[in-house]
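**Student:** This is input-v2.cif, which holds mmCIF, N, CA and C atoms:
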```
data_coords
#
loop_
_atom_site.label_atom_id
_atom_site.label_comp_id
_atom_site.auth_asym_id
_atom_site.auth_seq_id
_atom_site.Cartn_x
_atom_site.Cartn_y
_atom_site.Cartn_z
N MET H 1 0.83 -1.19 0.00
CA MET H 1 0.00 0.00 0.00
C MET H 1 0.88 1.26 0.00
N LEU H 2 1.94 1.24 0.80
CA LEU H 2 2.81 2.42 0.85
C LEU H 2 3.44 2.73 -0.49
N GLU H 3 3.87 1.70 -1.20
CA GLU H 3 4.46 1.94 -2.52
C GLU H 3 3.43 2.50 -3.49
N ALA H 4 2.21 2.01 -3.41
CA ALA H 4 1.15 2.53 -4.28
C ALA H 4 0.87 4.00 -3.96
N VAL H 5 0.81 4.35 -2.69
CA VAL H 5 0.60 5.75 -2.29
C VAL H 5 1.80 6.59 -2.68
N ARG H 6 3.00 6.05 -2.50
CA ARG H 6 4.20 6.80 -2.90
C ARG H 6 4.15 7.12 -4.39
N TYR H 7 3.78 6.16 -5.20
CA TYR H 7 3.67 6.37 -6.64
C TYR H 7 2.55 7.37 -6.96
N GLU H 8 1.38 7.16 -6.36
CA GLU H 8 0.21 8.01 -6.63
C GLU H 8 0.47 9.47 -6.25
N GLY H 9 1.15 9.67 -5.12
CA GLY H 9 1.41 11.02 -4.64
C GLY H 9 2.74 11.60 -5.09
N ALA H 10 3.53 10.82 -5.83
CA ALA H 10 4.86 11.24 -6.28
C ALA H 10 5.71 11.70 -5.10
N TYR H 11 5.62 10.96 -4.01
CA TYR H 11 6.39 11.29 -2.81
C TYR H 11 7.84 10.83 -3.00
N PRO H 12 8.80 11.54 -2.38
CA PRO H 12 10.21 11.20 -2.57
C PRO H 12 10.63 9.89 -1.92
N ASP H 13 9.89 9.47 -0.89
CA ASP H 13 10.26 8.23 -0.20
C ASP H 13 9.04 7.64 0.52
N THR H 14 9.20 6.42 1.01
CA THR H 14 8.07 5.76 1.68
C THR H 14 7.76 6.39 3.03
N ALA H 15 8.73 7.07 3.64
CA ALA H 15 8.45 7.74 4.92
C ALA H 15 7.41 8.84 4.72
N ARG H 16 7.55 9.60 3.65
CA ARG H 16 6.57 10.67 3.37
C ARG H 16 5.22 10.06 3.01
N ALA H 17 5.22 8.97 2.27
CA ALA H 17 3.97 8.27 1.94
C ALA H 17 3.31 7.74 3.21
N ALA H 18 4.10 7.19 4.12
CA ALA H 18 3.56 6.66 5.38
C ALA H 18 2.92 7.76 6.21
N GLU H 19 3.54 8.93 6.21
CA GLU H 19 2.98 10.08 6.93
C GLU H 19 1.62 10.46 6.36
N ALA H 20 1.53 10.50 5.04
CA ALA H 20 0.26 10.83 4.39
C ALA H 20 -0.80 9.78 4.71
N VAL H 21 -0.42 8.52 4.62
CA VAL H 21 -1.36 7.42 4.92
C VAL H 21 -1.87 7.55 6.34
N HIS H 22 -0.97 7.80 7.28
CA HIS H 22 -1.38 7.91 8.68
C HIS H 22 -2.39 9.03 8.88
N HIS H 23 -2.09 10.23 8.38
CA HIS H 23 -2.98 11.37 8.58
C HIS H 23 -4.34 11.16 7.91
N VAL H 24 -4.33 10.69 6.68
CA VAL H 24 -5.58 10.54 5.93
C VAL H 24 -6.43 9.41 6.51
N LEU H 25 -5.83 8.27 6.83
CA LEU H 25 -6.62 7.17 7.39
C LEU H 25 -7.12 7.49 8.79
N ALA H 26 -6.37 8.25 9.56
CA ALA H 26 -6.86 8.70 10.86
C ALA H 26 -8.09 9.59 10.66
N GLY H 27 -8.00 10.50 9.70
CA GLY H 27 -9.14 11.36 9.39
C GLY H 27 -10.35 10.57 8.92
N LEU H 28 -10.11 9.61 8.06
CA LEU H 28 -11.21 8.78 7.57
C LEU H 28 -11.80 7.95 8.70
N GLY H 29 -10.95 7.49 9.61
CA GLY H 29 -11.43 6.73 10.76
C GLY H 29 -12.35 7.53 11.65
N ARG H 30 -12.19 8.86 11.66
CA ARG H 30 -13.09 9.72 12.43
C ARG H 30 -14.42 9.93 11.72
N ARG H 31 -14.50 9.55 10.46
CA ARG H 31 -15.71 9.78 9.67
C ARG H 31 -16.53 8.51 9.41
N LEU H 32 -15.87 7.36 9.36
CA LEU H 32 -16.56 6.11 9.03
C LEU H 32 -17.04 5.39 10.27
N THR H 33 -18.21 4.80 10.17
CA THR H 33 -18.76 3.99 11.26
C THR H 33 -19.36 2.72 10.67
N GLY H 34 -19.80 1.85 11.53
CA GLY H 34 -20.58 0.68 11.13
C GLY H 34 -19.83 -0.32 10.29
N ASP H 35 -20.61 -1.05 9.49
CA ASP H 35 -20.07 -2.12 8.66
C ASP H 35 -19.04 -1.64 7.65
N GLU H 36 -19.21 -0.42 7.15
CA GLU H 36 -18.27 0.10 6.16
C GLU H 36 -16.88 0.25 6.78
N ARG H 37 -16.84 0.71 8.00
CA ARG H 37 -15.56 0.85 8.72
C ARG H 37 -14.91 -0.52 8.94
N VAL H 38 -15.70 -1.48 9.39
CA VAL H 38 -15.20 -2.83 9.66
C VAL H 38 -14.74 -3.49 8.36
N ASP H 39 -15.54 -3.38 7.31
CA ASP H 39 -15.20 -4.03 6.04
C ASP H 39 -13.97 -3.41 5.40
N LEU H 40 -13.83 -2.09 5.49
CA LEU H 40 -12.63 -1.46 4.93
C LEU H 40 -11.40 -1.88 5.73
N ALA H 41 -11.49 -1.87 7.04
CA ALA H 41 -10.35 -2.27 7.88
C ALA H 41 -9.91 -3.69 7.55
N ALA H 42 -10.86 -4.56 7.25
CA ALA H 42 -10.52 -5.96 6.93
C ALA H 42 -9.73 -6.07 5.62
N ARG H 43 -9.86 -5.10 4.73
CA ARG H 43 -9.17 -5.14 3.44
C ARG H 43 -7.84 -4.41 3.44
N LEU H 44 -7.62 -3.56 4.43
CA LEU H 44 -6.38 -2.78 4.50
C LEU H 44 -5.26 -3.61 5.12
N PRO H 45 -4.01 -3.26 4.82
CA PRO H 45 -2.89 -3.88 5.54
C PRO H 45 -3.05 -3.60 7.04
N ALA H 46 -2.47 -4.45 7.87
CA ALA H 46 -2.70 -4.41 9.33
C ALA H 46 -2.42 -3.04 9.94
N GLU H 47 -1.28 -2.44 9.64
CA GLU H 47 -0.95 -1.15 10.25
C GLU H 47 -1.93 -0.07 9.82
N ALA H 48 -2.33 -0.07 8.56
CA ALA H 48 -3.30 0.90 8.07
C ALA H 48 -4.66 0.68 8.73
N ALA H 49 -5.05 -0.57 8.89
CA ALA H 49 -6.32 -0.89 9.54
C ALA H 49 -6.32 -0.41 10.99
N LEU H 50 -5.19 -0.55 11.68
CA LEU H 50 -5.10 -0.07 13.06
C LEU H 50 -5.22 1.45 13.13
N THR H 51 -4.62 2.14 12.20
CA THR H 51 -4.73 3.60 12.16
C THR H 51 -6.18 4.01 11.96
N LEU H 52 -6.87 3.35 11.05
CA LEU H 52 -8.27 3.66 10.76
C LEU H 52 -9.15 3.40 11.98
N THR H 53 -9.00 2.24 12.58
CA THR H 53 -9.91 1.83 13.65
C THR H 53 -9.54 2.38 15.03
N ALA H 54 -8.35 2.95 15.18
CA ALA H 54 -7.96 3.52 16.47
C ALA H 54 -8.67 4.85 16.74
N GLN H 55 -9.30 5.40 15.73
CA GLN H 55 -9.94 6.71 15.86
C GLN H 55 -11.36 6.57 16.41
N VAL H 56 -11.72 7.49 17.27
CA VAL H 56 -13.09 7.56 17.76
C VAL H 56 -13.90 8.32 16.72
N PRO H 57 -14.97 7.73 16.22
CA PRO H 57 -15.77 8.42 15.21
C PRO H 57 -16.35 9.74 15.74
N ALA H 58 -16.27 10.75 14.91
CA ALA H 58 -16.87 12.05 15.22
C ALA H 58 -18.29 12.07 14.69
N PHE H 59 -19.12 12.86 15.30
CA PHE H 59 -20.51 12.88 14.86
C PHE H 59 -20.88 14.14 14.10
N ASP H 60 -19.91 15.03 13.92
CA ASP H 60 -20.17 16.18 13.06
C ASP H 60 -20.01 15.73 11.61
N LYS H 61 -20.82 16.24 10.76
CA LYS H 61 -20.83 15.83 9.35
C LYS H 61 -20.02 16.81 8.51
N LEU H 62 -18.76 16.48 8.27
CA LEU H 62 -17.91 17.33 7.44
C LEU H 62 -18.10 16.96 5.98
N THR H 63 -18.21 17.98 5.13
CA THR H 63 -18.19 17.74 3.69
C THR H 63 -16.80 17.29 3.29
N GLY H 64 -16.62 16.94 2.04
CA GLY H 64 -15.30 16.57 1.56
C GLY H 64 -14.29 17.67 1.77
N TRP H 65 -14.66 18.92 1.46
CA TRP H 65 -13.74 20.04 1.65
C TRP H 65 -13.49 20.27 3.13
N GLY H 66 -14.52 20.10 3.97
CA GLY H 66 -14.35 20.21 5.41
C GLY H 66 -13.37 19.17 5.93
N PHE H 67 -13.41 17.97 5.35
CA PHE H 67 -12.48 16.90 5.71
C PHE H 67 -11.04 17.34 5.42
N VAL H 68 -10.82 17.93 4.26
CA VAL H 68 -9.47 18.39 3.87
C VAL H 68 -9.00 19.49 4.81
N LYS H 69 -9.87 20.45 5.11
CA LYS H 69 -9.49 21.55 6.01
C LYS H 69 -9.18 21.02 7.41
N ASP H 70 -9.97 20.07 7.89
CA ASP H 70 -9.73 19.47 9.20
C ASP H 70 -8.40 18.72 9.20
N LEU H 71 -8.14 17.99 8.14
CA LEU H 71 -6.88 17.26 8.02
C LEU H 71 -5.69 18.21 8.03
N ALA H 72 -5.79 19.33 7.30
CA ALA H 72 -4.71 20.31 7.26
C ALA H 72 -4.45 20.87 8.66
N ALA H 73 -5.50 21.19 9.38
CA ALA H 73 -5.34 21.75 10.73
C ALA H 73 -4.70 20.73 11.67
N ARG H 74 -5.15 19.49 11.62
CA ARG H 74 -4.61 18.46 12.51
C ARG H 74 -3.17 18.10 12.17
N ALA H 75 -2.84 18.12 10.88
CA ALA H 75 -1.48 17.75 10.45
C ALA H 75 -0.51 18.93 10.48
N GLY H 76 -1.05 20.15 10.67
CA GLY H 76 -0.20 21.33 10.68
C GLY H 76 0.40 21.63 9.32
N THR H 77 -0.41 21.44 8.29
CA THR H 77 0.08 21.65 6.93
C THR H 77 -0.91 22.55 6.18
N SER H 78 -0.59 22.87 4.95
CA SER H 78 -1.49 23.71 4.16
C SER H 78 -2.66 22.88 3.64
N GLN H 79 -3.72 23.56 3.26
CA GLN H 79 -4.87 22.86 2.68
C GLN H 79 -4.51 22.22 1.35
N ALA H 80 -3.62 22.84 0.61
CA ALA H 80 -3.20 22.27 -0.68
C ALA H 80 -2.47 20.94 -0.47
N ILE H 81 -1.59 20.89 0.51
CA ILE H 81 -0.87 19.64 0.79
C ILE H 81 -1.83 18.59 1.33
N ALA H 82 -2.74 19.02 2.20
CA ALA H 82 -3.73 18.08 2.74
C ALA H 82 -4.60 17.51 1.62
N ARG H 83 -4.96 18.34 0.65
CA ARG H 83 -5.78 17.87 -0.48
C ARG H 83 -4.98 16.88 -1.32
N TRP H 84 -3.71 17.17 -1.55
CA TRP H 84 -2.84 16.27 -2.33
C TRP H 84 -2.72 14.93 -1.63
N ASP H 85 -2.42 14.97 -0.33
CA ASP H 85 -2.27 13.74 0.45
C ASP H 85 -3.57 12.93 0.44
N THR H 86 -4.68 13.62 0.62
CA THR H 86 -5.98 12.95 0.64
C THR H 86 -6.24 12.23 -0.67
N GLY H 87 -6.00 12.90 -1.77
CA GLY H 87 -6.21 12.28 -3.07
C GLY H 87 -5.30 11.08 -3.30
N ALA H 88 -4.04 11.23 -2.93
CA ALA H 88 -3.08 10.13 -3.14
C ALA H 88 -3.47 8.90 -2.33
N VAL H 89 -3.83 9.10 -1.08
CA VAL H 89 -4.17 7.97 -0.20
C VAL H 89 -5.53 7.38 -0.56
N LEU H 90 -6.54 8.22 -0.73
CA LEU H 90 -7.88 7.69 -0.95
C LEU H 90 -8.06 7.05 -2.33
N CYS H 91 -7.26 7.44 -3.30
CA CYS H 91 -7.30 6.74 -4.59
C CYS H 91 -6.84 5.30 -4.42
N VAL H 92 -5.82 5.10 -3.61
CA VAL H 92 -5.33 3.74 -3.33
C VAL H 92 -6.36 2.99 -2.49
N VAL H 93 -6.93 3.65 -1.50
CA VAL H 93 -7.97 3.03 -0.67
C VAL H 93 -9.15 2.60 -1.53
N ALA H 94 -9.51 3.43 -2.51
CA ALA H 94 -10.63 3.08 -3.40
C ALA H 94 -10.35 1.79 -4.15
N ARG H 95 -9.12 1.62 -4.62
CA ARG H 95 -8.76 0.39 -5.33
C ARG H 95 -8.78 -0.81 -4.39
N ILE H 96 -8.30 -0.63 -3.17
CA ILE H 96 -8.29 -1.71 -2.19
C ILE H 96 -9.72 -2.08 -1.81
N ALA H 97 -10.57 -1.09 -1.62
CA ALA H 97 -11.95 -1.33 -1.20
C ALA H 97 -12.75 -2.04 -2.28
N GLY H 98 -12.53 -1.67 -3.53
CA GLY H 98 -13.32 -2.22 -4.62
C GLY H 98 -14.60 -1.41 -4.81
N PRO H 99 -15.25 -1.56 -5.96
CA PRO H 99 -16.38 -0.69 -6.29
C PRO H 99 -17.59 -0.83 -5.36
N ASP H 100 -17.90 -2.03 -4.92
CA ASP H 100 -19.09 -2.21 -4.08
C ASP H 100 -18.92 -1.57 -2.71
N LEU H 101 -17.81 -1.86 -2.06
CA LEU H 101 -17.57 -1.26 -0.74
C LEU H 101 -17.39 0.24 -0.86
N LEU H 102 -16.71 0.70 -1.89
CA LEU H 102 -16.53 2.14 -2.07
C LEU H 102 -17.88 2.83 -2.22
N ALA H 103 -18.78 2.25 -2.98
CA ALA H 103 -20.12 2.83 -3.13
C ALA H 103 -20.83 2.91 -1.79
N ARG H 104 -20.70 1.88 -0.98
CA ARG H 104 -21.32 1.89 0.35
C ARG H 104 -20.71 2.97 1.23
N ILE H 105 -19.38 3.10 1.17
CA ILE H 105 -18.69 4.13 1.96
C ILE H 105 -19.17 5.51 1.55
N LEU H 106 -19.24 5.76 0.26
CA LEU H 106 -19.65 7.08 -0.23
C LEU H 106 -21.09 7.40 0.14
N ARG H 107 -21.93 6.39 0.22
CA ARG H 107 -23.33 6.62 0.63
C ARG H 107 -23.42 7.05 2.09
N THR H 108 -22.47 6.66 2.91
CA THR H 108 -22.52 7.01 4.33
C THR H 108 -21.91 8.38 4.62
N LEU H 109 -21.11 8.90 3.70
CA LEU H 109 -20.43 10.18 3.92
C LEU H 109 -21.21 11.33 3.29
N PRO H 110 -21.07 12.54 3.85
CA PRO H 110 -21.72 13.71 3.24
C PRO H 110 -21.14 13.99 1.85
N GLY H 111 -21.69 14.96 1.17
CA GLY H 111 -21.26 15.31 -0.18
C GLY H 111 -19.80 15.74 -0.24
N GLY H 112 -19.19 15.54 -1.40
CA GLY H 112 -17.85 16.02 -1.65
C GLY H 112 -16.73 15.01 -1.44
N TYR H 113 -17.08 13.79 -1.02
CA TYR H 113 -16.04 12.80 -0.78
C TYR H 113 -15.68 12.00 -2.03
N ALA H 114 -16.60 11.86 -2.96
CA ALA H 114 -16.34 11.03 -4.15
C ALA H 114 -15.09 11.50 -4.88
N ILE H 115 -14.97 12.80 -5.07
CA ILE H 115 -13.81 13.33 -5.79
C ILE H 115 -12.51 13.05 -5.03
N LEU H 116 -12.58 13.01 -3.71
CA LEU H 116 -11.39 12.71 -2.91
C LEU H 116 -10.92 11.28 -3.13
N PHE H 117 -11.85 10.39 -3.45
CA PHE H 117 -11.53 8.99 -3.75
C PHE H 117 -11.24 8.79 -5.24
N GLY H 118 -11.19 9.89 -6.01
CA GLY H 118 -10.90 9.79 -7.43
C GLY H 118 -12.10 9.36 -8.26
N GLN H 119 -13.30 9.59 -7.73
CA GLN H 119 -14.53 9.19 -8.41
C GLN H 119 -15.32 10.42 -8.82
N ALA H 120 -16.12 10.29 -9.85
CA ALA H 120 -17.01 11.37 -10.24
C ALA H 120 -18.15 11.44 -9.23
N ASP H 121 -18.53 12.65 -8.86
CA ASP H 121 -19.66 12.83 -7.95
C ASP H 121 -20.89 13.11 -8.79
N LEU H 122 -21.57 12.05 -9.15
CA LEU H 122 -22.70 12.18 -10.07
C LEU H 122 -23.97 12.68 -9.40
N THR H 123 -23.97 12.82 -8.09
CA THR H 123 -25.15 13.31 -7.40
C THR H 123 -25.06 14.81 -7.11
N ALA H 124 -23.90 15.41 -7.24
CA ALA H 124 -23.72 16.81 -6.91
C ALA H 124 -24.36 17.71 -7.96
N GLY H 125 -25.07 18.69 -7.49
CA GLY H 125 -25.61 19.72 -8.38
C GLY H 125 -26.65 19.24 -9.37
N ARG H 126 -27.37 18.20 -9.07
CA ARG H 126 -28.38 17.72 -10.02
C ARG H 126 -29.59 18.65 -9.95
N THR H 127 -29.76 19.43 -11.00
CA THR H 127 -30.85 20.38 -11.05
C THR H 127 -31.64 20.21 -12.33
N CYS H 128 -31.75 19.02 -12.80
CA CYS H 128 -32.46 18.74 -14.05
C CYS H 128 -33.97 18.86 -13.80
N HIS H 129 -34.61 19.68 -14.60
CA HIS H 129 -36.05 19.87 -14.44
C HIS H 129 -36.76 19.37 -15.69
N THR H 130 -37.88 18.73 -15.50
CA THR H 130 -38.65 18.28 -16.65
C THR H 130 -39.84 19.20 -16.83
N PRO H 131 -40.20 19.47 -18.07
CA PRO H 131 -41.33 20.38 -18.33
C PRO H 131 -42.65 19.77 -17.96
#
```
For the structure just supplied, provide its representation as structure tokens.

**Tutor:**
Amino acid sequence: MLEAVRYEGAYPDTARAAEAVHHVLAGLGRRLTGDERVDLAARLPAEAALTLTAQVPAFDKLTGWGFVKDLAARAGTSQAIARWDTGAVLCVVARIAGPDLLARILRTLPGGYAILFGQADLTAGRTCHTP
């Protein structure tokens, strides 16, 4: 997983990739609950699963952008770096999860997370009106 994140994020070494994985999975662990959390943890490598499940779920509903801003504040980094790290890690997580589990995860999260996982958000901004 670390090598995949290192490649995805173009990080200079696995230590930087590991840092990104830790911050992003900790953040995701604060957002996921229930079967989706358990099922994702079962598919992740052991250390990544521990990072995800060690977090106490928060009950505030952060949008995808709110997730990035929260991650930046907790990691002490810029929002741009937090967004980069989030994309690099969650794209790999999406591949590990597979399409069915990813769809379930996205249904449990507020709007704006699909793009963070490298997916199109087909539900955003639907304003189609029929005559």

**Student:** Pick the closest to Phe59 in chain H from H:Ala88, H:Arg31, H:Ala42, H:Ala75: which is it, counting only N, CA and C atoms?

**Tutor:**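 When distances to Phe59 in chain H are compared using only N, CA and C atoms, the smallest one comes from H:Arg31.
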
**Student:** With the PyMOL selection byres ((chain H and resi 3) around 8) as the selection, what would be picked from this file? Answer as a ChimeraX atom specification, please.

**Tutor:** /H:1-2,4-9,13-14,17-18

**Student:** Could you give me, as a ChimeraX atom specification, the residues within 7 Å of Gln55 in chain H, counting only N, CA and C atoms and dropping anything in the same chain fewer than 3 positions from it?

**Tutor:** /H:26,29-30,50-52,58

**Student:** Would you work out the distance separating CA of Gly118 in chain H from CA of Val92 in chain H, expressed in Å to one decimal?

**Tutor:**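 Separation of CA of Gly118 in chain H and CA of Val92 in chain H: 9.2 Å.
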
**Student:** Write out as a PyMOL selection string all residues of range 1-33 of chain H that backbone DSSP assigns to alpha helix (DSSP H).

**Tutor:** chain H and resi 2-9+14-29

**Student:** Could you tell me which residues the PyMOL selection byres ((chain H and resi 64) around 6) grabs in this file, written as an MDAnalysis selection string?

**Tutor:** chainID H and resid 62:63 65:68 110:113

**Student:** Atoms to include: N, CA and C atoms. Write the selected residues as a PDB file, in the frame of the given file.

**Tutor:**
```pdb
ATOM      1  N   LEU H  62     -18.760  16.480   8.270  1.00  0.00           N
ATOM      2  CA  LEU H  62     -17.910  17.330   7.440  1.00  0.00           C
ATOM      3  C   LEU H  62     -18.100  16.960   5.980  1.00  0.00           C
ATOM      4  N   THR H  63     -18.210  17.980   5.130  1.00  0.00           N
ATOM      5  CA  THR H  63     -18.190  17.740   3.690  1.00  0.00           C
ATOM      6  C   THR H  63     -16.800  17.290   3.290  1.00  0.00           C
ATOM      7  N   TRP H  65     -14.660  18.920   1.460  1.00  0.00           N
ATOM      8  CA  TRP H  65     -13.740  20.040   1.650  1.00  0.00           C
ATOM      9  C   TRP H  65     -13.490  20.270   3.130  1.00  0.00           C
ATOM     10  N   GLY H  66     -14.520  20.100   3.970  1.00  0.00           N
ATOM     11  CA  GLY H  66     -14.350  20.210   5.410  1.00  0.00           C
ATOM     12  C   GLY H  66     -13.370  19.170   5.930  1.00  0.00           C
ATOM     13  N   PHE H  67     -13.410  17.970   5.350  1.00  0.00           N
ATOM     14  CA  PHE H  67     -12.480  16.900   5.710  1.00  0.00           C
ATOM     15  C   PHE H  67     -11.040  17.340   5.420  1.00  0.00           C
ATOM     16  N   VAL H  68     -10.820  17.930   4.260  1.00  0.00           N
ATOM     17  CA  VAL H  68      -9.470  18.390   3.870  1.00  0.00           C
ATOM     18  C   VAL H  68      -9.000  19.490   4.810  1.00  0.00           C
ATOM     19  N   PRO H 110     -21.070  12.540   3.850  1.00  0.00           N
ATOM     20  CA  PRO H 110     -21.720  13.710   3.240  1.00  0.00           C
ATOM     21  C   PRO H 110     -21.140  13.990   1.850  1.00  0.00           C
ATOM     22  N   GLY H 111     -21.690  14.960   1.170  1.00  0.00           N
ATOM     23  CA  GLY H 111     -21.260  15.310  -0.180  1.00  0.00           C
ATOM     24  C   GLY H 111     -19.800  15.740  -0.240  1.00  0.00           C
ATOM     25  N   GLY H 112     -19.190  15.540  -1.400  1.00  0.00           N
ATOM     26  CA  GLY H 112     -17.850  16.020  -1.650  1.00  0.00           C
ATOM     27  C   GLY H 112     -16.730  15.010  -1.440  1.00  0.00           C
ATOM     28  N   TYR H 113     -17.080  13.790  -1.020  1.00  0.00           N
ATOM     29  CA  TYR H 113     -16.040  12.800  -0.780  1.00  0.00           C
ATOM     30  C   TYR H 113     -15.680  12.000  -2.030  1.00  0.00           C
TER      31      TYR H 113
END
```

**Student:** Which value, in Å to one decimal, gives the distance between CA of Gly98 in chain H and CA of Thr53 in chain H?

**Tutor:**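 Those two atoms sit 19.0 Å apart.
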
**Student:** Rounded to one decimal in Å, what is the spacing between CA of Glu47 in chain H and CA of Asp100 in chain H?

**Tutor:** 23.1 Å

**Student:** Evaluate the PyMOL selection byres ((chain H and resi 91) around 8) on the structure here and hand back the selected residues as a count of residues only.

**Tutor:** 20

**Student:** Point out the residue among H:Ala120, H:Ile81, H:Val56, H:Leu109 with the least atom-to-atom distance to Tyr11 in chain H, counting only C-alpha atoms.

**Tutor:** H:Ile81

**Student:** Considering only C-alpha atoms, state which residue in the set H:Ile105, H:Ala54, H:Val38, H:Ala20 is at the smallest distance from Leu71 in chain H.

**Tutor:** H:Ala20

**Student:** Could you check which of H:Leu101, H:Leu106, H:Ala15, H:Ala72 is closest to Asp39 in chain H, using only C-alpha atoms?

**Tutor:** H:Leu101

**Student:** Rank nothing, just name the residue among H:Ala114, H:Ala48, H:Pro57, H:Arg104 nearest to Glu36 in chain H, using all atoms listed in the file.

**Tutor:** H:Arg104
